[in-house]
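Colleague: Dropping in coords.txt, with compact mmCIF, C-alpha atoms.
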```txt
# COMPACT_ATOMS: atom_id res chain seq x y z
CA MET A 1 18.02 26.47 43.00
CA ARG A 2 16.75 23.21 44.38
CA GLN A 3 13.23 24.00 43.20
CA ILE A 4 14.45 24.78 39.68
CA LEU A 5 16.40 21.53 39.58
CA SER A 6 13.34 19.61 40.73
CA LEU A 7 11.26 21.20 38.01
CA LEU A 8 13.86 20.38 35.36
CA LEU A 9 13.87 16.75 36.48
CA LEU A 10 10.11 16.65 36.02
CA VAL A 11 10.26 17.81 32.39
CA PRO A 12 11.13 14.35 30.98
CA LEU A 13 8.12 12.93 32.78
CA LEU A 14 5.74 15.02 30.69
CA GLY A 15 3.93 13.37 27.83
CA SER A 16 4.34 14.46 24.21
CA CYS A 17 2.75 13.81 20.87
CA PHE A 18 3.25 14.34 17.16
CA VAL A 19 1.40 14.15 13.87
CA SER A 20 3.06 13.97 10.46
CA ARG A 21 1.89 13.80 6.89
CA ALA A 22 3.86 12.71 3.84
CA THR A 23 2.79 12.58 0.22
CA VAL A 24 4.36 11.21 -2.94
CA ASN A 25 3.17 12.73 -6.23
CA GLU A 26 0.06 14.78 -6.86
CA PRO A 27 -3.32 13.10 -6.34
CA LEU A 28 -4.62 11.67 -9.62
CA GLY A 29 -8.27 12.46 -9.01
CA SER A 30 -11.44 11.36 -10.75
CA ALA A 31 -11.44 14.18 -13.34
CA ARG A 32 -8.35 12.87 -15.09
CA LEU A 33 -9.57 9.30 -14.76
CA ALA A 34 -12.78 10.23 -16.57
CA LYS A 35 -10.80 11.21 -19.66
CA LEU A 36 -9.59 7.65 -20.18
CA GLU A 37 -11.78 5.88 -22.71
CA PRO A 38 -11.13 2.23 -23.67
CA GLY A 39 -10.93 1.75 -27.42
CA VAL A 40 -10.14 5.43 -27.99
CA THR A 41 -7.42 6.70 -25.67
CA THR A 42 -3.83 6.05 -26.70
CA ALA A 43 -0.83 5.51 -24.44
CA ALA A 44 0.54 8.91 -25.46
CA GLU A 45 -2.70 10.61 -24.40
CA ALA A 46 -2.78 8.75 -21.08
CA VAL A 47 0.75 9.90 -20.31
CA ARG A 48 -0.11 13.47 -21.32
CA TRP A 49 -3.07 13.54 -18.91
CA LEU A 50 -1.69 11.53 -16.00
CA GLY A 51 2.01 12.34 -16.21
CA ALA A 52 4.91 9.95 -16.41
CA PRO A 53 3.97 6.42 -15.31
CA ASN A 54 5.64 4.99 -12.22
CA GLU A 55 5.91 1.60 -13.88
CA VAL A 56 5.48 0.11 -17.34
CA VAL A 57 4.92 -3.64 -17.63
CA GLN A 58 5.20 -5.63 -20.83
CA LEU A 59 2.44 -8.21 -21.29
CA GLY A 60 3.48 -10.17 -24.38
CA ARG A 61 2.81 -7.70 -27.20
CA ARG A 62 0.65 -5.62 -24.91
CA SER A 63 1.54 -3.34 -22.02
CA ALA A 64 0.26 -1.85 -18.78
CA TYR A 65 1.18 1.46 -17.11
CA ARG A 66 0.88 2.27 -13.42
CA PHE A 67 0.28 5.81 -12.17
CA ASP A 68 0.13 6.48 -8.45
CA ALA A 69 0.20 9.05 -5.68
CA GLN A 70 0.56 8.20 -1.99
CA ALA A 71 -0.55 9.81 1.23
CA ASN A 72 0.78 8.73 4.61
CA LYS A 73 -0.42 10.01 7.98
CA ARG A 74 1.27 9.19 11.28
CA SER A 75 0.47 10.09 14.81
CA GLY A 76 2.19 9.25 18.03
CA LEU A 77 1.88 9.76 21.75
CA TRP A 78 4.52 9.27 24.44
CA LEU A 79 3.35 8.79 28.00
CA VAL A 80 6.57 8.50 30.01
CA VAL A 81 7.43 4.86 29.23
CA VAL A 82 4.59 4.00 26.88
CA ALA A 83 4.67 5.04 23.23
CA LEU A 84 1.66 4.75 20.93
CA PHE A 85 1.94 5.05 17.15
CA ASN A 86 -0.45 4.85 14.24
CA ASP A 87 0.66 4.79 10.61
CA ASP A 88 -1.82 4.88 7.74
CA THR A 89 -1.06 4.87 4.00
CA ARG A 90 -3.55 5.23 1.18
CA GLU A 91 -3.16 5.84 -2.56
CA ASP A 92 -4.59 7.07 -5.77
CA ARG A 93 -3.56 4.33 -8.19
CA ILE A 94 -4.48 3.81 -11.84
CA TRP A 95 -3.44 0.93 -14.07
CA THR A 96 -4.03 1.33 -17.79
CA PHE A 97 -3.83 -1.64 -20.14
CA PHE A 98 -2.94 -1.14 -23.82
CA ASP A 99 -3.09 -3.45 -26.82
CA GLU A 100 -0.24 -3.98 -29.29
CA ASN A 101 -1.21 -0.70 -31.04
CA ASP A 102 -0.99 1.26 -27.77
CA VAL A 103 -4.75 1.77 -27.62
CA LEU A 104 -6.37 1.57 -24.19
CA THR A 105 -8.29 -1.65 -23.54
CA HIS A 106 -8.84 -1.64 -19.75
CA VAL A 107 -8.57 0.77 -16.84
CA ALA A 108 -8.40 -0.03 -13.13
CA ALA A 109 -8.54 2.75 -10.57
CA THR A 110 -8.37 3.06 -6.80
CA LEU A 111 -8.75 6.61 -5.56
CA THR A 112 -8.18 6.64 -1.80
CA PHE A 113 -5.46 9.28 -1.45
CA ASP A 114 -7.78 11.45 0.65
CA ASP A 115 -8.72 8.55 2.96
CA ALA A 116 -5.43 8.41 4.89
CA ARG A 117 -6.25 9.23 8.51
CA TYR A 118 -4.69 10.03 11.83
CA GLY A 119 -5.56 7.85 14.77
CA MET A 120 -4.37 5.89 17.74
CA PRO A 121 -3.58 2.16 17.71
CA TRP A 122 -6.91 1.26 19.24
CA ASN A 123 -8.87 3.14 16.58
CA SER A 124 -10.30 1.16 13.67
CA ILE A 125 -10.04 4.14 11.40
CA HIS A 126 -11.23 2.45 8.19
CA ASP A 127 -13.97 0.19 9.50
CA ASP A 128 -16.65 2.38 7.98
CA GLU A 129 -15.29 1.95 4.45
CA PRO A 130 -16.60 -0.66 2.03
CA ASN A 131 -14.26 -3.30 0.64
CA GLU A 132 -15.19 -2.69 -2.94
CA MET B 133 17.99 3.87 48.23
CA LYS B 134 16.00 6.97 47.50
CA GLY B 135 18.73 8.16 45.12
CA LEU B 136 18.69 4.86 43.24
CA ALA B 137 14.94 5.04 42.83
CA LEU B 138 15.29 8.54 41.41
CA ILE B 139 17.95 7.41 38.92
CA VAL B 140 15.79 4.50 37.76
CA LEU B 141 12.80 6.77 37.40
CA PHE B 142 14.85 9.31 35.51
CA GLY B 143 16.17 6.61 33.16
CA LEU B 144 12.69 5.35 32.46
CA SER B 145 11.45 8.85 31.81
CA LEU B 146 14.17 9.46 29.22
CA GLY B 147 12.91 6.51 27.24
CA CYS B 148 15.72 4.04 27.98
CA VAL B 149 13.01 1.51 28.64
CA SER B 150 9.76 1.99 26.80
CA ALA B 151 6.77 -0.01 25.68
CA ARG B 152 5.59 0.72 22.16
CA TRP B 153 2.18 -0.08 20.69
CA THR B 154 2.16 0.41 16.93
CA ARG B 155 -0.63 -0.04 14.44
CA THR B 156 0.17 0.06 10.73
CA SER B 157 -2.40 0.02 7.99
CA ARG B 158 -1.61 -0.36 4.29
CA PHE B 159 -4.47 -0.41 1.79
CA GLU B 160 -7.84 -2.06 1.98
CA PRO B 161 -8.32 -5.85 2.09
CA VAL B 162 -10.45 -7.64 -0.48
CA SER B 163 -13.40 -9.06 1.42
CA ASP B 164 -13.97 -12.81 1.68
CA GLU B 165 -17.47 -12.35 0.28
CA LEU B 166 -16.05 -10.79 -2.87
CA GLN B 167 -13.46 -13.51 -3.27
CA GLU B 168 -16.17 -16.14 -3.07
CA GLU B 169 -17.75 -14.67 -6.20
CA LEU B 170 -14.68 -15.33 -8.36
CA ALA B 171 -15.34 -17.94 -11.06
CA VAL B 172 -13.13 -19.44 -13.75
CA GLY B 173 -13.92 -17.84 -17.11
CA ASP B 174 -14.89 -14.43 -15.67
CA ASP B 175 -13.98 -11.43 -17.79
CA LEU B 176 -11.27 -9.01 -16.62
CA THR B 177 -13.31 -5.79 -16.95
CA PRO B 178 -15.91 -6.29 -14.21
CA TRP B 179 -13.27 -7.48 -11.76
CA LEU B 180 -11.17 -4.39 -12.39
CA GLU B 181 -14.26 -2.32 -11.67
CA ARG B 182 -15.00 -4.19 -8.46
CA LEU B 183 -11.49 -4.55 -7.05
CA GLY B 184 -9.96 -1.34 -8.33
CA ALA B 185 -6.33 -1.00 -9.30
CA PRO B 186 -4.00 -3.84 -8.30
CA LEU B 187 -0.70 -3.12 -6.59
CA TRP B 188 1.28 -5.20 -9.06
CA VAL B 189 0.75 -6.49 -12.60
CA TRP B 190 2.91 -9.21 -14.14
CA GLU B 191 3.04 -11.03 -17.42
CA TYR B 192 1.51 -14.49 -17.12
CA GLU B 193 2.10 -17.32 -19.58
CA GLY B 194 2.81 -15.16 -22.61
CA ASP B 195 -0.15 -12.93 -23.35
CA GLY B 196 -1.84 -13.40 -19.99
CA VAL B 197 -1.73 -11.13 -16.99
CA ALA B 198 -1.50 -11.66 -13.24
CA LEU B 199 -2.96 -9.00 -10.95
CA ALA B 200 -1.90 -8.78 -7.31
CA TYR B 201 -3.92 -7.04 -4.62
CA GLY B 202 -2.28 -6.66 -1.23
CA TRP B 203 -2.85 -5.23 2.20
CA TYR B 204 -1.76 -5.48 5.77
CA GLN B 205 -3.17 -4.36 9.06
CA ASP B 206 -0.56 -4.89 11.71
CA GLN B 207 -0.62 -4.26 15.46
CA ASN B 208 2.24 -5.04 17.78
CA TRP B 209 3.63 -4.35 21.20
CA ASN B 210 7.36 -3.93 21.67
CA VAL B 211 9.45 -3.28 24.74
CA ASN B 212 12.48 -1.22 23.77
CA VAL B 213 15.63 -0.69 25.78
CA SER B 214 16.90 2.30 23.88
CA VAL B 215 16.36 5.97 23.40
CA PRO B 216 13.64 6.48 20.76
CA VAL B 217 15.12 9.23 18.62
CA THR B 218 12.96 8.74 15.56
CA ASN B 219 10.15 6.58 14.28
CA ASP B 220 12.11 5.16 11.38
CA ALA B 221 9.47 3.37 9.31
CA SER B 222 9.32 4.47 5.69
CA ALA B 223 6.48 6.79 4.89
CA SER B 224 6.08 5.74 1.26
CA PHE B 225 5.08 2.35 -0.06
CA ASP B 226 7.86 0.58 -1.94
CA TYR B 227 6.72 -1.16 -5.13
CA THR B 228 10.12 -2.71 -5.78
CA GLN B 229 9.70 -5.28 -3.02
CA ILE B 230 6.85 -7.08 -1.34
CA ASP B 231 6.64 -6.76 2.42
CA ALA B 232 6.79 -10.22 4.00
CA ARG B 233 3.79 -9.35 6.17
CA MET B 234 1.56 -8.41 3.26
CA ARG B 235 -1.40 -10.66 2.58
CA GLY B 236 -3.09 -10.58 -0.76
CA LEU B 237 -5.03 -12.00 -3.65
CA VAL B 238 -3.58 -12.78 -7.08
CA LEU B 239 -5.80 -13.23 -10.13
CA PHE B 240 -4.50 -14.99 -13.24
CA PHE B 241 -6.05 -14.08 -16.60
CA ASP B 242 -5.23 -15.69 -19.94
CA GLY B 243 -4.51 -13.92 -23.24
CA ASP B 244 -8.25 -13.37 -23.81
CA TYR B 245 -8.47 -11.74 -20.38
CA ARG B 246 -10.52 -14.60 -18.95
CA LEU B 247 -9.95 -15.62 -15.35
CA ARG B 248 -7.97 -18.87 -15.20
CA ALA B 249 -7.18 -19.11 -11.48
CA TRP B 250 -6.66 -17.17 -8.29
CA ARG B 251 -4.67 -17.59 -5.10
CA GLN B 252 -4.73 -15.91 -1.73
CA GLY B 253 -2.24 -15.79 1.11
CA LEU B 254 1.08 -14.14 1.81
CA LEU B 255 2.05 -12.30 -1.37
CA THR B 256 5.72 -13.19 -1.10
CA ASP B 257 4.77 -16.88 -1.24
CA ILE B 258 2.14 -16.83 -3.97
CA THR B 259 4.00 -14.55 -6.37
CA GLN B 260 7.43 -16.15 -6.36
CA GLY B 261 7.13 -17.55 -9.87
CA LEU B 262 5.81 -14.27 -11.24
CA ARG B 263 8.43 -11.90 -9.89
CA ARG B 264 11.11 -13.00 -12.29
CA ARG B 265 13.03 -10.88 -14.72
CA ARG B 266 10.73 -9.72 -17.46
CA PRO B 267 11.52 -11.08 -20.94
CA ASN B 268 12.53 -8.72 -23.69
CA TRP B 269 10.06 -8.58 -26.55
CA ASN B 270 11.65 -8.63 -29.95
CA GLU B 271 9.78 -6.92 -32.82
CA GLU B 272 10.92 -9.54 -35.31
CA THR B 273 10.24 -12.70 -33.35
CA GLY B 274 7.31 -11.49 -31.28
```
Take the structure I supplied and represent it as structure tokens, if you would.

Modeller:
Amino acid sequence: MRQILSLLLLVPLLGSCFVSRATVNEPLGSARLAKLEPGVTTAAEAVRWLGAPNEVVQLGRRSAYRFDAQANKRSGLWLVVVALFNDDTREDRIWTFFDENDVLTHVAATLTFDDARYGMPWNSIHDDEPNE
Amino acid sequence: MKGLALIVLFGLSLGCVSARWTRTSRFEPVSDELQEELAVGDDLTPWLERLGAPLWVWEYEGDGVALAYGWYQDQNWNVNVSVPVTNDASASFDYTQIDARMRGLVLFFDGDYRLRAWRQGLLTDITQGLRRRRPNWNEETG
């Protein structure tokens, strides 16, 4: 009995860890981005290909639509009294700019949904990536 | 004495007192080298290609546009006197508010999509005048 009790008291002293992944929306991807053609694509076509925009901004008589998908990866480690966490979020994000006739004039895209990574606080997990 | 030591040890092991090292990374920073290449009069298109999609877009002086790029890389140590039940940070990025820790770069383009100015620093500070209620556009008055 005493041995069992001793073992039970030792359980909280053991370390533990977790990893979790959360996503918001489907990745946009380069294939759908390639369909967007300034001077040709209309707002209706952009919405058909990319889905409902997350935000629409009015720019005078013009407008801009934001489409995005997010990936978040977390990891953690508990070592008795020390807890270590890492939290990394990356996105696919596309802004489309339309003129007063709802024809596409500009596109801006950042496709990094797949770059979210697990790590520990001391890891520089994105140091190998370029800034542009 | 031995019993007290055991109780203290047990309390520590349950997480009543814990040290927490957290690293949070949101998006990629715009490099200083790239920012040094900005010049008044630059066209919007090549900068969109180089910087990618901004986090926020706002109307700027009528037909103009302001683009905000933001990021933060945060590391901190905390000593908690509590039982850590969950890690309660939000998993998704919230576009409806700007995190006070977020640094960024804002580019201001005029109605011809030519670069007029840019600012860098804490996004909450440099975007205060932009994050106002958006005006309603009236078909008749423009």

Colleague: Provide as number ranges by chain the residues of chain A at most 9 Å from chain B, counting only C-alpha atoms.

Modeller: A: 9-10, 12-14, 21-24, 57-62, 64, 66, 70-74, 76, 78-95, 106-112, 120-122, 126, 129-132

Colleague: Can you write just those residues out, C-alpha atoms, as a compact mmCIF listing (two decimals), keeping the file's coordinate frame?

Modeller:
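Ended up saving to part_6.txt:
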```txt
# COMPACT_ATOMS: atom_id res chain seq x y z
CA LEU A 9 13.87 16.75 36.48
CA LEU A 10 10.11 16.65 36.02
CA PRO A 12 11.13 14.35 30.98
CA LEU A 13 8.12 12.93 32.78
CA LEU A 14 5.74 15.02 30.69
CA ARG A 21 1.89 13.80 6.89
CA ALA A 22 3.86 12.71 3.84
CA THR A 23 2.79 12.58 0.22
CA VAL A 24 4.36 11.21 -2.94
CA VAL A 57 4.92 -3.64 -17.63
CA GLN A 58 5.20 -5.63 -20.83
CA LEU A 59 2.44 -8.21 -21.29
CA GLY A 60 3.48 -10.17 -24.38
CA ARG A 61 2.81 -7.70 -27.20
CA ARG A 62 0.65 -5.62 -24.91
CA ALA A 64 0.26 -1.85 -18.78
CA ARG A 66 0.88 2.27 -13.42
CA GLN A 70 0.56 8.20 -1.99
CA ALA A 71 -0.55 9.81 1.23
CA ASN A 72 0.78 8.73 4.61
CA LYS A 73 -0.42 10.01 7.98
CA ARG A 74 1.27 9.19 11.28
CA GLY A 76 2.19 9.25 18.03
CA TRP A 78 4.52 9.27 24.44
CA LEU A 79 3.35 8.79 28.00
CA VAL A 80 6.57 8.50 30.01
CA VAL A 81 7.43 4.86 29.23
CA VAL A 82 4.59 4.00 26.88
CA ALA A 83 4.67 5.04 23.23
CA LEU A 84 1.66 4.75 20.93
CA PHE A 85 1.94 5.05 17.15
CA ASN A 86 -0.45 4.85 14.24
CA ASP A 87 0.66 4.79 10.61
CA ASP A 88 -1.82 4.88 7.74
CA THR A 89 -1.06 4.87 4.00
CA ARG A 90 -3.55 5.23 1.18
CA GLU A 91 -3.16 5.84 -2.56
CA ASP A 92 -4.59 7.07 -5.77
CA ARG A 93 -3.56 4.33 -8.19
CA ILE A 94 -4.48 3.81 -11.84
CA TRP A 95 -3.44 0.93 -14.07
CA HIS A 106 -8.84 -1.64 -19.75
CA VAL A 107 -8.57 0.77 -16.84
CA ALA A 108 -8.40 -0.03 -13.13
CA ALA A 109 -8.54 2.75 -10.57
CA THR A 110 -8.37 3.06 -6.80
CA LEU A 111 -8.75 6.61 -5.56
CA THR A 112 -8.18 6.64 -1.80
CA MET A 120 -4.37 5.89 17.74
CA PRO A 121 -3.58 2.16 17.71
CA TRP A 122 -6.91 1.26 19.24
CA HIS A 126 -11.23 2.45 8.19
CA GLU A 129 -15.29 1.95 4.45
CA PRO A 130 -16.60 -0.66 2.03
CA ASN A 131 -14.26 -3.30 0.64
CA GLU A 132 -15.19 -2.69 -2.94
```

Colleague: Residues near Trp250 in chain B, anyone? I mean within 7 Å using all atoms listed in the file, not counting same-chain ones fewer than 5 positions away, as a VMD selection string.

Modeller: chain B and resid 238 to 240

Colleague: State, in Å with one decimal place, the distance from CA of Arg235 in chain B to CA of Glu168 in chain B.

Modeller: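 Calculated distance between CA of Arg235 in chain B and CA of Glu168 in chain B is 16.7 Å.
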
Colleague: Select, from A:Ser63, A:Asn25, A:Ser124, A:Asn101, the residue with the minimum atom-to-atom distance to Gly39 in chain A, counting all atoms listed in the file.

Modeller: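 Smallest separation from Gly39 in chain A among the options: A:Asn101.
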
Colleague: So how many Å separate CA of Leu255 in chain B and CA of Trp203 in chain B, to one decimal?

Modeller: 9.3 Å

Colleague: Write out as an mmCIF file with C-alpha atoms, in the coordinates of the input which residues come within 10 Å of Thr41 in chain A when counting all atoms listed in the file, dropping same-chain ones fewer than 3 positions away.

Modeller:
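Dumped everything to result.cif:
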```cif
data_model
loop_
_atom_site.group_PDB
_atom_site.id
_atom_site.type_symbol
_atom_site.label_atom_id
_atom_site.label_comp_id
_atom_site.auth_asym_id
_atom_site.auth_seq_id
_atom_site.Cartn_x
_atom_site.Cartn_y
_atom_site.Cartn_z
ATOM 1 C CA LYS A 35 -10.800 11.210 -19.660
ATOM 2 C CA LEU A 36 -9.590 7.650 -20.180
ATOM 3 C CA GLU A 37 -11.780 5.880 -22.710
ATOM 4 C CA PRO A 38 -11.130 2.230 -23.670
ATOM 5 C CA ALA A 44 0.540 8.910 -25.460
ATOM 6 C CA GLU A 45 -2.700 10.610 -24.400
ATOM 7 C CA ALA A 46 -2.780 8.750 -21.080
ATOM 8 C CA PHE A 98 -2.940 -1.140 -23.820
ATOM 9 C CA ASP A 102 -0.990 1.260 -27.770
ATOM 10 C CA VAL A 103 -4.750 1.770 -27.620
ATOM 11 C CA LEU A 104 -6.370 1.570 -24.190
ATOM 12 C CA THR A 105 -8.290 -1.650 -23.540
#
```

Colleague: Please compute the CA of Gly51 in chain A-CA of Phe97 in chain A distance, one decimal, in Å.

Modeller: 15.7 Å

Colleague: Enclose range 53-57 of chain A, meaning all of its atoms listed in the file, in a box aligned along x, y and z, pad it by 3 Å on each side, and list the centre and edge lengths in Å to one decimal, as JSON.

Modeller:
```
{"center_x": 4.9, "center_y": 1.4, "center_z": -14.9, "size_x": 7.9, "size_y": 16.1, "size_z": 11.4}
```

Colleague: Could you pull range 171-208 of chain B out of the block above and give me C-alpha atoms, as a PDB file, in the first residue's frame?

Modeller:
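Result file part-v5.pdb:
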```pdb
ATOM      1  CA  ALA B 171      10.694  55.779 -52.737  1.00  0.00           C
ATOM      2  CA  VAL B 172       7.993  58.421 -53.120  1.00  0.00           C
ATOM      3  CA  GLY B 173       6.268  58.017 -56.492  1.00  0.00           C
ATOM      4  CA  ASP B 174       6.715  54.227 -56.676  1.00  0.00           C
ATOM      5  CA  ASP B 175       3.898  52.321 -58.341  1.00  0.00           C
ATOM      6  CA  LEU B 176       1.658  50.031 -56.266  1.00  0.00           C
ATOM      7  CA  THR B 177       2.027  46.892 -58.421  1.00  0.00           C
ATOM      8  CA  PRO B 178       5.703  46.034 -57.840  1.00  0.00           C
ATOM      9  CA  TRP B 179       5.364  46.627 -54.106  1.00  0.00           C
ATOM     10  CA  LEU B 180       2.402  44.267 -53.912  1.00  0.00           C
ATOM     11  CA  GLU B 181       4.527  41.682 -55.694  1.00  0.00           C
ATOM     12  CA  ARG B 182       7.450  42.182 -53.326  1.00  0.00           C
ATOM     13  CA  LEU B 183       5.599  42.485 -50.019  1.00  0.00           C
ATOM     14  CA  GLY B 184       2.690  40.170 -50.697  1.00  0.00           C
ATOM     15  CA  ALA B 185      -0.759  40.678 -49.261  1.00  0.00           C
ATOM     16  CA  PRO B 186      -1.115  43.270 -46.497  1.00  0.00           C
ATOM     17  CA  LEU B 187      -2.977  42.444 -43.304  1.00  0.00           C
ATOM     18  CA  TRP B 188      -5.184  45.503 -43.544  1.00  0.00           C
ATOM     19  CA  VAL B 189      -6.290  47.873 -46.304  1.00  0.00           C
ATOM     20  CA  TRP B 190      -7.934  51.226 -45.597  1.00  0.00           C
ATOM     21  CA  GLU B 191      -9.232  54.089 -47.646  1.00  0.00           C
ATOM     22  CA  TYR B 192      -6.778  56.987 -47.658  1.00  0.00           C
ATOM     23  CA  GLU B 193      -7.671  60.551 -48.592  1.00  0.00           C
ATOM     24  CA  GLY B 194     -10.553  59.724 -50.901  1.00  0.00           C
ATOM     25  CA  ASP B 195      -9.378  57.522 -53.738  1.00  0.00           C
ATOM     26  CA  GLY B 196      -6.092  56.540 -52.130  1.00  0.00           C
ATOM     27  CA  VAL B 197      -5.271  53.395 -50.239  1.00  0.00           C
ATOM     28  CA  ALA B 198      -3.238  52.590 -47.129  1.00  0.00           C
ATOM     29  CA  LEU B 199      -1.713  49.125 -46.825  1.00  0.00           C
ATOM     30  CA  ALA B 200      -0.625  47.776 -43.444  1.00  0.00           C
ATOM     31  CA  TYR B 201       1.851  44.936 -43.003  1.00  0.00           C
ATOM     32  CA  GLY B 202       2.298  43.613 -39.484  1.00  0.00           C
ATOM     33  CA  TRP B 203       4.147  40.992 -37.507  1.00  0.00           C
ATOM     34  CA  TYR B 204       5.322  40.107 -34.078  1.00  0.00           C
ATOM     35  CA  GLN B 205       7.847  37.723 -32.663  1.00  0.00           C
ATOM     36  CA  ASP B 206       7.436  37.624 -28.932  1.00  0.00           C
ATOM     37  CA  GLN B 207       9.315  35.701 -26.240  1.00  0.00           C
ATOM     38  CA  ASN B 208       8.611  35.983 -22.563  1.00  0.00           C
TER      39      ASN B 208
END
```
